[in-house]
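> Here it is, the structure in full.
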Amino acid sequence: MTHQEFFSQQWNKEMKRTLVAIKALPTEIDKLDFKPEPKSRTAHQIIGHILPHAEELLLAIDSGDINEVQHTFNSTEQAATYFETNSNLLVEKVKTISNDDWTNKLITLSSNGRKLYEGKMMDMYWTLLFDSIHHRGQLSTYYRPMGMRNPSIYGPAAEDREDMMKVAAAKQN
């Protein structure tokens with residue numbers, strides 16, 4: 001397995017988990033204005049930051065530039081579709097990257113047009129994947145305060161575990 005194939009495999013796994021998280025958000029877009037404290041991003045700002053990473057990485061394969069720009073979505077359905085489409089395109093395009101480009105090509109990361117730093121393609125791609133996971137973790141702390149059930153991202157949510165324990169107890173009785 002090449003490094004690019006391994007990255008694609010991991011991206012796919014995390015894409016599915018991110019889709020679970022997005023689809024578990026409130027469908028009313030105004031509920032995504034929640035943030036736990038003033039310096040925090042809103043739920044809408046978090047998804048507007050992480051979901052574009054797929055498209056940004058896709059475009060960077062040819063351009064050599066990642067330009068992070070905050071996106072807004074009209075619905076969680078639109079956000080999920082946008083992310084899934086660009087993730088699938090990214091995974092296919094990563095397969096075409098030569099090993100030399102993957103390990104040596106320099107990619108520039110900018111945010112809102114301001115250059116932040118430059119790094120090797122493989123490092124930048126892993127960094128944005130990990131950034132997505134990090135911010136998805138932040139988002140996971142917002143569900144209950146927004147009145148929503150936590151999604152099962154890496155394991156069962158509290159309600160799932162409670163149900164599993166009830167079933168196990170019933171089997172023992």
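Numbering starts fresh at 1 for the residues of each chain in the structure tokens, the chains themselves are lettered A, B, ... in the order given, and ligands are numbered from 1 as they appear.
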Write out as an NGL selection string all residues of segment 1-159 of chain A that DSSP puts in strand (DSSP E or B) for this structure's backbone.
:A and (65-68 or 106-111 or 114-120)
> Which residues are close to segment 89-103 of chain A, i.e. within 8 Å by only C-alpha atoms, leaving aside same-chain residues fewer than 5 positions away? Reply as a list in words.
His3, Gln4, Glu5, Ser8, Trp11, Asn12, Ala54, Glu55, Leu57, Leu58, Ile61, Lys120, Met121 and Met122 of chain A
> Generate a file of the selected residues that holds N, CA and C atoms, formatted as a short mmCIF file (atom, residue, chain, number, x, y, z; two decimals), in the first residue's frame.

data_model
loop_
_atom_site.label_atom_id
_atom_site.label_comp_id
_atom_site.auth_asym_id
_atom_site.auth_seq_id
_atom_site.Cartn_x
_atom_site.Cartn_y
_atom_site.Cartn_z
N HIS A 3 1.69 5.38 0.42
CA HIS A 3 1.31 6.40 1.41
C HIS A 3 0.00 7.08 1.01
N GLN A 4 -0.14 7.32 -0.30
CA GLN A 4 -1.34 7.98 -0.79
C GLN A 4 -2.57 7.09 -0.58
N GLU A 5 -2.41 5.79 -0.80
CA GLU A 5 -3.52 4.86 -0.58
C GLU A 5 -3.90 4.81 0.90
N SER A 8 -5.79 7.96 1.73
CA SER A 8 -7.16 7.86 1.18
C SER A 8 -8.02 6.94 2.04
N TRP A 11 -8.78 8.87 5.19
CA TRP A 11 -9.72 9.96 4.88
C TRP A 11 -11.14 9.40 4.76
N ASN A 12 -11.27 8.29 4.04
CA ASN A 12 -12.60 7.68 3.88
C ASN A 12 -13.22 7.30 5.22
N ALA A 54 -11.86 19.17 2.26
CA ALA A 54 -11.83 18.20 1.16
C ALA A 54 -11.64 18.90 -0.18
N GLU A 55 -12.41 19.96 -0.41
CA GLU A 55 -12.28 20.70 -1.66
C GLU A 55 -10.93 21.42 -1.74
N LEU A 57 -8.08 20.56 -0.40
CA LEU A 57 -7.03 19.58 -0.70
C LEU A 57 -7.13 19.09 -2.14
N LEU A 58 -8.33 18.91 -2.61
CA LEU A 58 -8.55 18.49 -4.00
C LEU A 58 -7.92 19.51 -4.95
N ILE A 61 -3.93 19.76 -5.18
CA ILE A 61 -3.16 18.75 -5.92
C ILE A 61 -2.58 19.38 -7.18
N LYS A 120 5.48 20.11 2.93
CA LYS A 120 5.38 19.04 1.94
C LYS A 120 3.94 18.56 1.85
N MET A 121 3.57 18.15 0.65
CA MET A 121 2.19 17.75 0.38
C MET A 121 1.68 16.76 1.42
N MET A 122 2.43 15.68 1.65
CA MET A 122 1.92 14.66 2.57
C MET A 122 1.70 15.23 3.96
#
> Provide the atom CA of Ile22 of chain A to atom CA of Glu77 of chain A distance in Å, to one decimal place.
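So the two atoms, atom CA of Ile22 of chain A and atom CA of Glu77 of chain A, lie 8.2 Å apart.
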> Quick one: distance from atom CA of Pro26 of chain A to atom CA of Ala43 of chain A in Å, one decimal?
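Between these atoms lies a distance of 10.1 Å.
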> Neighbours of segment 62-64 of chain A within 9 Å (only C-alpha atoms; same-chain residues fewer than 6 positions away dropped), as a list in words?
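Near segment 62-64 of chain A, the qualifying residues are Lys105, Leu106, Ile107, Thr108, Leu109 and Met121 of chain A.
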> Would you give me, as a tab-separated table, each residue of segment 66-135 of chain A having an atom within 10 Å of an atom of segment 139-146 of chain A, along with its shortest atom pair and that distance in Å to one decimal, using only C-alpha atoms and sorting by chain and residue number?

residue	atom	partner	partner_atom	distance
A:Ile133	CA	A:Leu139	CA	9.8
A:His134	CA	A:Leu139	CA	8.9
A:His135	CA	A:Leu139	CA	6.2
> Would you mind reading off the distance between atom CA of Gly137 of chain A and atom CA of Phe83 of chain A, one decimal, in Å?
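So the answer is 17.0 Å.
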> Would you mind telling me which residue in A:Glu56, A:Lys35, A:Leu19, A:Ser40 lies nearest to Leu128 of chain A when using only C-alpha atoms?
A:Glu56
> So, counting only C-alpha atoms, which residue among A:His71, A:Arg149, A:Arg17, A:His53 is closest to Leu129 of chain A?
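Comparing A:His71, A:Arg149, A:Arg17, A:His53 against Leu129 of chain A, the winner is A:His53.
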> Could you pull out all residues of segment 104-152 of chain A with a DSSP call of alpha helix (DSSP H) and give them as a list of chain:residue names?
A:Asn104, A:Met121, A:Met122, A:Asp123, A:Met124, A:Tyr125, A:Trp126, A:Thr127, A:Leu128, A:Leu129, A:Phe130, A:Asp131, A:Ser132, A:Ile133, A:His134, A:His135, A:Arg136, A:Gly137, A:Gln138, A:Leu139, A:Ser140
> For C-alpha atoms, I'd like the residues from the last selection saved as a PDB file, in the first residue's frame.

ATOM      1  CA  ASN A 104       8.421  16.469  -1.985  1.00  0.00           C
ATOM      2  CA  MET A 121       2.187  17.753   0.383  1.00  0.00           C
ATOM      3  CA  MET A 122       1.921  14.656   2.572  1.00  0.00           C
ATOM      4  CA  ASP A 123       2.424  16.694   5.732  1.00  0.00           C
ATOM      5  CA  MET A 124      -0.156  19.296   4.735  1.00  0.00           C
ATOM      6  CA  TYR A 125      -2.738  16.663   3.796  1.00  0.00           C
ATOM      7  CA  TRP A 126      -2.354  14.822   7.077  1.00  0.00           C
ATOM      8  CA  THR A 127      -2.441  18.124   8.966  1.00  0.00           C
ATOM      9  CA  LEU A 128      -5.794  19.081   7.437  1.00  0.00           C
ATOM     10  CA  LEU A 129      -7.203  15.606   8.110  1.00  0.00           C
ATOM     11  CA  PHE A 130      -6.151  15.890  11.762  1.00  0.00           C
ATOM     12  CA  ASP A 131      -7.498  19.449  11.903  1.00  0.00           C
ATOM     13  CA  SER A 132     -10.875  18.108  10.766  1.00  0.00           C
ATOM     14  CA  ILE A 133     -10.830  15.430  13.446  1.00  0.00           C
ATOM     15  CA  HIS A 134      -9.841  17.997  16.087  1.00  0.00           C
ATOM     16  CA  HIS A 135     -12.649  20.406  15.216  1.00  0.00           C
ATOM     17  CA  ARG A 136     -15.155  17.576  14.850  1.00  0.00           C
ATOM     18  CA  GLY A 137     -14.261  16.712  18.440  1.00  0.00           C
ATOM     19  CA  GLN A 138     -15.017  20.284  19.459  1.00  0.00           C
ATOM     20  CA  LEU A 139     -18.327  20.056  17.629  1.00  0.00           C
ATOM     21  CA  SER A 140     -19.176  16.844  19.492  1.00  0.00           C
TER      22      SER A 140
END
